[in-house]
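Notes to accompany the following structure.
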Amino acid sequence: QVQLVESGGGSVQAGGSLRLSCAASGRTFSNYPMAWFRQAPGKEREFVATMTWSGGNTYYADSVQGRFTIYRDNAKNSVSLQMTSLKPEDTAVYYCAADDIPHYYTAYSRLRLAVEYDYWGQGTQVTVSS
């Protein structure tokens with residue numbers, strides 16, 4: 001059984017930093033895209049960042065480009081999100097996600113779509129106060 005478990009959320013003031021981590025178990029995802037999405041109250045889930053495979057290309061939402069960095073750790077079968085210069089509008093529940101299709105069979109244009117991902121974590125709350 002595949003499980004994704006996020007950690008690292010919390011409350012921070014605007015301008016601060018947080019690092020989210022997501023540990024995968026049940027299978028190895030080194031050749032599969034893994035991503036972060038977020039959902040604010042009353043809004044749809046939105047794409048944040050993705051990495052096509054461990055050591056592969058990274059893509060970011062325009063709203064977080066230059067502030068957030070996605071990392072993969074093969075040995076730990078994990079994906080992390082380093083968030084800096086946080087803004088109140090970054091407040092949301094953050095979810096990690098993993099694709100069931102290897103990156104070499106995946107259309108990269110789809111990697112920003114939630115429907116592309118097959119496995120999801122339970123989410124971790126990030127709250128940024130002004």
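Simple scheme: letters A, B, ... for chains in structure tokens order, numbers from 1 for residues in each chain, numbers from 1 for ligands in the order shown.
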As a PDB file with N, CA and C atoms, in the first residue's frame, list the residues of chain A assigned to strand (DSSP E or B) by DSSP on the backbone atoms of this structure.
```
ATOM      1  N   GLN A   3       1.807   5.010   0.615  1.00  0.00           N
ATOM      2  CA  GLN A   3       1.442   6.103   1.512  1.00  0.00           C
ATOM      3  C   GLN A   3       2.393   7.270   1.315  1.00  0.00           C
ATOM      4  N   LEU A   4       1.830   8.471   1.332  1.00  0.00           N
ATOM      5  CA  LEU A   4       2.608   9.702   1.330  1.00  0.00           C
ATOM      6  C   LEU A   4       2.268  10.450   2.609  1.00  0.00           C
ATOM      7  N   VAL A   5       3.275  10.797   3.371  1.00  0.00           N
ATOM      8  CA  VAL A   5       3.041  11.457   4.650  1.00  0.00           C
ATOM      9  C   VAL A   5       3.827  12.760   4.689  1.00  0.00           C
ATOM     10  N   GLU A   6       3.091  13.875   4.775  1.00  0.00           N
ATOM     11  CA  GLU A   6       3.726  15.185   4.838  1.00  0.00           C
ATOM     12  C   GLU A   6       4.039  15.574   6.276  1.00  0.00           C
ATOM     13  N   SER A   7       5.022  16.445   6.407  1.00  0.00           N
ATOM     14  CA  SER A   7       5.368  17.018   7.703  1.00  0.00           C
ATOM     15  C   SER A   7       6.004  18.385   7.470  1.00  0.00           C
ATOM     16  N   GLY A  10       3.162  24.592   9.559  1.00  0.00           N
ATOM     17  CA  GLY A  10       3.087  25.366  10.785  1.00  0.00           C
ATOM     18  C   GLY A  10       2.707  26.800  10.502  1.00  0.00           C
ATOM     19  N   SER A  11       2.912  27.642  11.502  1.00  0.00           N
ATOM     20  CA  SER A  11       2.590  29.059  11.387  1.00  0.00           C
ATOM     21  C   SER A  11       3.862  29.873  11.369  1.00  0.00           C
ATOM     22  N   VAL A  12       3.887  30.884  10.522  1.00  0.00           N
ATOM     23  CA  VAL A  12       5.069  31.717  10.371  1.00  0.00           C
ATOM     24  C   VAL A  12       4.623  33.117   9.974  1.00  0.00           C
ATOM     25  N   GLN A  13       5.441  34.096  10.290  1.00  0.00           N
ATOM     26  CA  GLN A  13       5.132  35.458   9.884  1.00  0.00           C
ATOM     27  C   GLN A  13       5.578  35.696   8.446  1.00  0.00           C
ATOM     28  N   LEU A  18       9.705  28.062   5.703  1.00  0.00           N
ATOM     29  CA  LEU A  18       9.314  26.743   6.191  1.00  0.00           C
ATOM     30  C   LEU A  18       9.796  25.708   5.195  1.00  0.00           C
ATOM     31  N   ARG A  19      10.039  24.515   5.692  1.00  0.00           N
ATOM     32  CA  ARG A  19      10.405  23.405   4.824  1.00  0.00           C
ATOM     33  C   ARG A  19       9.418  22.275   5.058  1.00  0.00           C
ATOM     34  N   LEU A  20       8.753  21.871   3.995  1.00  0.00           N
ATOM     35  CA  LEU A  20       7.838  20.743   4.046  1.00  0.00           C
ATOM     36  C   LEU A  20       8.534  19.498   3.529  1.00  0.00           C
ATOM     37  N   SER A  21       8.212  18.369   4.134  1.00  0.00           N
ATOM     38  CA  SER A  21       8.759  17.097   3.675  1.00  0.00           C
ATOM     39  C   SER A  21       7.632  16.109   3.447  1.00  0.00           C
ATOM     40  N   CYS A  22       7.856  15.183   2.534  1.00  0.00           N
ATOM     41  CA  CYS A  22       6.867  14.152   2.227  1.00  0.00           C
ATOM     42  C   CYS A  22       7.619  12.837   2.044  1.00  0.00           C
ATOM     43  N   ALA A  23       7.323  11.896   2.918  1.00  0.00           N
ATOM     44  CA  ALA A  23       7.959  10.592   2.859  1.00  0.00           C
ATOM     45  C   ALA A  23       7.017   9.590   2.204  1.00  0.00           C
ATOM     46  N   ALA A  24       7.528   8.888   1.201  1.00  0.00           N
ATOM     47  CA  ALA A  24       6.724   7.887   0.497  1.00  0.00           C
ATOM     48  C   ALA A  24       7.106   6.498   0.982  1.00  0.00           C
ATOM     49  N   SER A  25       6.125   5.639   1.059  1.00  0.00           N
ATOM     50  CA  SER A  25       6.369   4.245   1.411  1.00  0.00           C
ATOM     51  C   SER A  25       5.471   3.361   0.559  1.00  0.00           C
ATOM     52  N   MET A  34       6.987  13.733  -8.825  1.00  0.00           N
ATOM     53  CA  MET A  34       6.377  14.034  -7.535  1.00  0.00           C
ATOM     54  C   MET A  34       6.198  15.542  -7.455  1.00  0.00           C
ATOM     55  N   ALA A  35       5.142  15.955  -6.770  1.00  0.00           N
ATOM     56  CA  ALA A  35       4.773  17.362  -6.825  1.00  0.00           C
ATOM     57  C   ALA A  35       4.195  17.835  -5.498  1.00  0.00           C
ATOM     58  N   TRP A  36       4.044  19.139  -5.413  1.00  0.00           N
ATOM     59  CA  TRP A  36       3.338  19.788  -4.316  1.00  0.00           C
ATOM     60  C   TRP A  36       2.189  20.612  -4.899  1.00  0.00           C
ATOM     61  N   PHE A  37       1.059  20.489  -4.257  1.00  0.00           N
ATOM     62  CA  PHE A  37      -0.111  21.304  -4.556  1.00  0.00           C
ATOM     63  C   PHE A  37      -0.548  21.960  -3.252  1.00  0.00           C
ATOM     64  N   ARG A  38      -1.432  22.939  -3.369  1.00  0.00           N
ATOM     65  CA  ARG A  38      -1.985  23.565  -2.168  1.00  0.00           C
ATOM     66  C   ARG A  38      -3.434  23.935  -2.400  1.00  0.00           C
ATOM     67  N   GLN A  39      -4.155  24.038  -1.288  1.00  0.00           N
ATOM     68  CA  GLN A  39      -5.556  24.415  -1.364  1.00  0.00           C
ATOM     69  C   GLN A  39      -5.890  25.351  -0.213  1.00  0.00           C
ATOM     70  N   GLU A  46      -4.438  23.957  -6.189  1.00  0.00           N
ATOM     71  CA  GLU A  46      -3.599  24.531  -7.243  1.00  0.00           C
ATOM     72  C   GLU A  46      -2.184  23.972  -7.191  1.00  0.00           C
ATOM     73  N   PHE A  47      -1.589  23.933  -8.358  1.00  0.00           N
ATOM     74  CA  PHE A  47      -0.227  23.446  -8.524  1.00  0.00           C
ATOM     75  C   PHE A  47       0.766  24.396  -7.881  1.00  0.00           C
ATOM     76  N   VAL A  48       1.794  23.826  -7.245  1.00  0.00           N
ATOM     77  CA  VAL A  48       2.868  24.630  -6.654  1.00  0.00           C
ATOM     78  C   VAL A  48       4.199  24.336  -7.342  1.00  0.00           C
ATOM     79  N   ALA A  49       4.600  23.057  -7.342  1.00  0.00           N
ATOM     80  CA  ALA A  49       5.899  22.699  -7.909  1.00  0.00           C
ATOM     81  C   ALA A  49       5.924  21.214  -8.200  1.00  0.00           C
ATOM     82  N   THR A  50       6.753  20.830  -9.159  1.00  0.00           N
ATOM     83  CA  THR A  50       6.929  19.413  -9.471  1.00  0.00           C
ATOM     84  C   THR A  50       8.350  19.145  -9.916  1.00  0.00           C
ATOM     85  N   MET A  51       8.780  17.912  -9.731  1.00  0.00           N
ATOM     86  CA  MET A  51      10.095  17.463 -10.192  1.00  0.00           C
ATOM     87  C   MET A  51       9.869  16.170 -10.932  1.00  0.00           C
ATOM     88  N   THR A  58      12.571  20.689 -12.944  1.00  0.00           N
ATOM     89  CA  THR A  58      11.621  21.229 -11.973  1.00  0.00           C
ATOM     90  C   THR A  58      10.763  22.295 -12.643  1.00  0.00           C
ATOM     91  N   TYR A  59       9.533  22.392 -12.181  1.00  0.00           N
ATOM     92  CA  TYR A  59       8.598  23.387 -12.695  1.00  0.00           C
ATOM     93  C   TYR A  59       7.866  23.995 -11.505  1.00  0.00           C
ATOM     94  N   TYR A  60       7.609  25.280 -11.613  1.00  0.00           N
ATOM     95  CA  TYR A  60       6.981  25.997 -10.505  1.00  0.00           C
ATOM     96  C   TYR A  60       5.813  26.839 -11.005  1.00  0.00           C
ATOM     97  N   PHE A  68      10.202  29.363  -3.747  1.00  0.00           N
ATOM     98  CA  PHE A  68      10.088  27.967  -3.330  1.00  0.00           C
ATOM     99  C   PHE A  68      11.052  27.118  -4.143  1.00  0.00           C
ATOM    100  N   THR A  69      11.571  26.051  -3.511  1.00  0.00           N
ATOM    101  CA  THR A  69      12.433  25.102  -4.191  1.00  0.00           C
ATOM    102  C   THR A  69      12.006  23.690  -3.839  1.00  0.00           C
ATOM    103  N   ILE A  70      11.851  22.867  -4.855  1.00  0.00           N
ATOM    104  CA  ILE A  70      11.474  21.471  -4.639  1.00  0.00           C
ATOM    105  C   ILE A  70      12.721  20.600  -4.696  1.00  0.00           C
ATOM    106  N   TYR A  71      12.800  19.629  -3.789  1.00  0.00           N
ATOM    107  CA  TYR A  71      13.933  18.715  -3.705  1.00  0.00           C
ATOM    108  C   TYR A  71      13.426  17.283  -3.692  1.00  0.00           C
ATOM    109  N   ARG A  72      14.265  16.397  -4.201  1.00  0.00           N
ATOM    110  CA  ARG A  72      13.985  14.963  -4.091  1.00  0.00           C
ATOM    111  C   ARG A  72      15.174  14.300  -3.412  1.00  0.00           C
ATOM    112  N   ASP A  73      14.877  13.296  -2.613  1.00  0.00           N
ATOM    113  CA  ASP A  73      15.929  12.511  -1.958  1.00  0.00           C
ATOM    114  C   ASP A  73      15.661  11.049  -2.276  1.00  0.00           C
ATOM    115  N   SER A  78      11.727  10.515  -0.880  1.00  0.00           N
ATOM    116  CA  SER A  78      10.972  11.656  -0.377  1.00  0.00           C
ATOM    117  C   SER A  78      11.069  12.854  -1.302  1.00  0.00           C
ATOM    118  N   VAL A  79      10.175  13.783  -1.071  1.00  0.00           N
ATOM    119  CA  VAL A  79      10.193  15.061  -1.770  1.00  0.00           C
ATOM    120  C   VAL A  79       9.990  16.157  -0.732  1.00  0.00           C
ATOM    121  N   SER A  80      10.705  17.255  -0.887  1.00  0.00           N
ATOM    122  CA  SER A  80      10.610  18.356   0.054  1.00  0.00           C
ATOM    123  C   SER A  80      10.328  19.654  -0.691  1.00  0.00           C
ATOM    124  N   LEU A  81       9.833  20.616   0.058  1.00  0.00           N
ATOM    125  CA  LEU A  81       9.563  21.933  -0.506  1.00  0.00           C
ATOM    126  C   LEU A  81      10.107  22.977   0.457  1.00  0.00           C
ATOM    127  N   GLN A  82      11.152  23.661   0.048  1.00  0.00           N
ATOM    128  CA  GLN A  82      11.707  24.759   0.824  1.00  0.00           C
ATOM    129  C   GLN A  82      10.992  26.036   0.415  1.00  0.00           C
ATOM    130  N   MET A  83      10.356  26.678   1.390  1.00  0.00           N
ATOM    131  CA  MET A  83       9.572  27.880   1.117  1.00  0.00           C
ATOM    132  C   MET A  83      10.212  29.060   1.835  1.00  0.00           C
ATOM    133  N   ALA A  92      -2.369  27.914   3.159  1.00  0.00           N
ATOM    134  CA  ALA A  92      -3.141  26.840   2.525  1.00  0.00           C
ATOM    135  C   ALA A  92      -2.766  25.521   3.178  1.00  0.00           C
ATOM    136  N   VAL A  93      -3.515  24.493   2.829  1.00  0.00           N
ATOM    137  CA  VAL A  93      -3.103  23.122   3.128  1.00  0.00           C
ATOM    138  C   VAL A  93      -2.261  22.656   1.946  1.00  0.00           C
ATOM    139  N   TYR A  94      -1.066  22.177   2.236  1.00  0.00           N
ATOM    140  CA  TYR A  94      -0.139  21.736   1.208  1.00  0.00           C
ATOM    141  C   TYR A  94      -0.154  20.214   1.122  1.00  0.00           C
ATOM    142  N   TYR A  95      -0.251  19.721  -0.100  1.00  0.00           N
ATOM    143  CA  TYR A  95      -0.320  18.289  -0.352  1.00  0.00           C
ATOM    144  C   TYR A  95       0.838  17.850  -1.235  1.00  0.00           C
ATOM    145  N   CYS A  96       1.452  16.730  -0.909  1.00  0.00           N
ATOM    146  CA  CYS A  96       2.389  16.147  -1.856  1.00  0.00           C
ATOM    147  C   CYS A  96       1.649  15.102  -2.666  1.00  0.00           C
ATOM    148  N   ALA A  97       2.148  14.863  -3.866  1.00  0.00           N
ATOM    149  CA  ALA A  97       1.502  13.952  -4.790  1.00  0.00           C
ATOM    150  C   ALA A  97       2.547  13.213  -5.603  1.00  0.00           C
ATOM    151  N   ALA A  98       2.207  12.013  -6.027  1.00  0.00           N
ATOM    152  CA  ALA A  98       3.122  11.208  -6.837  1.00  0.00           C
ATOM    153  C   ALA A  98       2.372  10.608  -8.017  1.00  0.00           C
ATOM    154  N   TYR A 119      -1.322   9.396  -6.334  1.00  0.00           N
ATOM    155  CA  TYR A 119      -1.181   9.199  -4.896  1.00  0.00           C
ATOM    156  C   TYR A 119      -1.059  10.566  -4.225  1.00  0.00           C
ATOM    157  N   TRP A 120      -1.722  10.697  -3.094  1.00  0.00           N
ATOM    158  CA  TRP A 120      -1.759  11.974  -2.386  1.00  0.00           C
ATOM    159  C   TRP A 120      -1.537  11.769  -0.897  1.00  0.00           C
ATOM    160  N   THR A 124      -0.729  19.149   4.916  1.00  0.00           N
ATOM    161  CA  THR A 124      -0.189  19.809   6.097  1.00  0.00           C
ATOM    162  C   THR A 124      -0.480  21.305   5.992  1.00  0.00           C
ATOM    163  N   GLN A 125      -0.913  21.892   7.097  1.00  0.00           N
ATOM    164  CA  GLN A 125      -1.352  23.281   7.089  1.00  0.00           C
ATOM    165  C   GLN A 125      -0.157  24.222   7.171  1.00  0.00           C
ATOM    166  N   VAL A 126      -0.173  25.225   6.323  1.00  0.00           N
ATOM    167  CA  VAL A 126       0.796  26.322   6.387  1.00  0.00           C
ATOM    168  C   VAL A 126      -0.004  27.613   6.548  1.00  0.00           C
ATOM    169  N   THR A 127       0.327  28.362   7.589  1.00  0.00           N
ATOM    170  CA  THR A 127      -0.357  29.620   7.851  1.00  0.00           C
ATOM    171  C   THR A 127       0.676  30.732   7.939  1.00  0.00           C
ATOM    172  N   VAL A 128       0.500  31.758   7.117  1.00  0.00           N
ATOM    173  CA  VAL A 128       1.419  32.883   7.087  1.00  0.00           C
ATOM    174  C   VAL A 128       0.660  34.124   7.524  1.00  0.00           C
ATOM    175  N   SER A 129       1.123  34.735   8.600  1.00  0.00           N
ATOM    176  CA  SER A 129       0.455  35.919   9.133  1.00  0.00           C
ATOM    177  C   SER A 129       1.204  37.181   8.713  1.00  0.00           C
TER     178      SER A 129
END
```
Which of chain A fall in helix (DSSP H, G or I), as a PyMOL selection string: chain A and resi 88-90+103-105+108-110+114-116
Would you write out those residues with N, CA and C atoms, as a compact mmCIF listing (two decimals), in the first residue's frame?
```txt
# COMPACT_ATOMS: atom_id res chain seq x y z
N PRO A 88 1.22 36.08 3.12
CA PRO A 88 -0.08 35.61 3.63
C PRO A 88 -0.86 34.81 2.60
N GLU A 89 -0.72 35.15 1.33
CA GLU A 89 -1.45 34.42 0.29
C GLU A 89 -0.92 33.01 0.05
N ASP A 90 0.19 32.66 0.70
CA ASP A 90 0.68 31.27 0.65
C ASP A 90 -0.04 30.38 1.66
N HIS A 103 8.38 9.17 -15.57
CA HIS A 103 8.53 10.48 -16.21
C HIS A 103 8.73 10.38 -17.71
N TYR A 104 9.35 9.28 -18.18
CA TYR A 104 9.63 9.17 -19.61
C TYR A 104 8.38 8.80 -20.41
N TYR A 105 7.28 8.49 -19.77
CA TYR A 105 6.01 8.26 -20.45
C TYR A 105 5.01 9.37 -20.17
N TYR A 108 4.94 16.28 -20.18
CA TYR A 108 5.31 17.27 -19.18
C TYR A 108 4.28 18.39 -19.05
N SER A 109 3.51 18.58 -20.11
CA SER A 109 2.47 19.60 -20.06
C SER A 109 1.38 19.26 -19.05
N ARG A 110 1.30 18.01 -18.66
CA ARG A 110 0.27 17.58 -17.72
C ARG A 110 0.71 17.67 -16.27
N ALA A 114 -3.63 18.42 -11.30
CA ALA A 114 -3.83 17.50 -10.18
C ALA A 114 -4.26 16.12 -10.64
N VAL A 115 -5.01 16.06 -11.73
CA VAL A 115 -5.53 14.77 -12.20
C VAL A 115 -4.42 13.85 -12.70
N GLU A 116 -3.22 14.40 -12.94
CA GLU A 116 -2.11 13.57 -13.41
C GLU A 116 -1.57 12.66 -12.31
```
Hey, which of A:Arg112, A:Gly121, A:Phe29, A:Lys43 ends up closest to A:Thr91? Count only C-alpha atoms. A:Lys43
Could you state the separation of atom CA of A:Asn57 and atom CA of A:Thr84 in Å, given to one decimal place? 20.3 Å
Using atom CA of A:Asn31 and atom CA of A:Ile101 as the two end points, give the distance in Å to one decimal.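 We find that atom CA of A:Asn31 and atom CA of A:Ile101 lie 8.8 Å from each other.
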Between A:Val64, A:Val2, A:Ala14, A:Leu111, which one has atoms that come closest to A:Thr28, using only C-alpha atoms? A:Val2
Between A:Gly123, A:Trp53, A:Gly42, A:Arg27, smallest distance to A:Pro102 by only C-alpha atoms belongs to A:Trp53
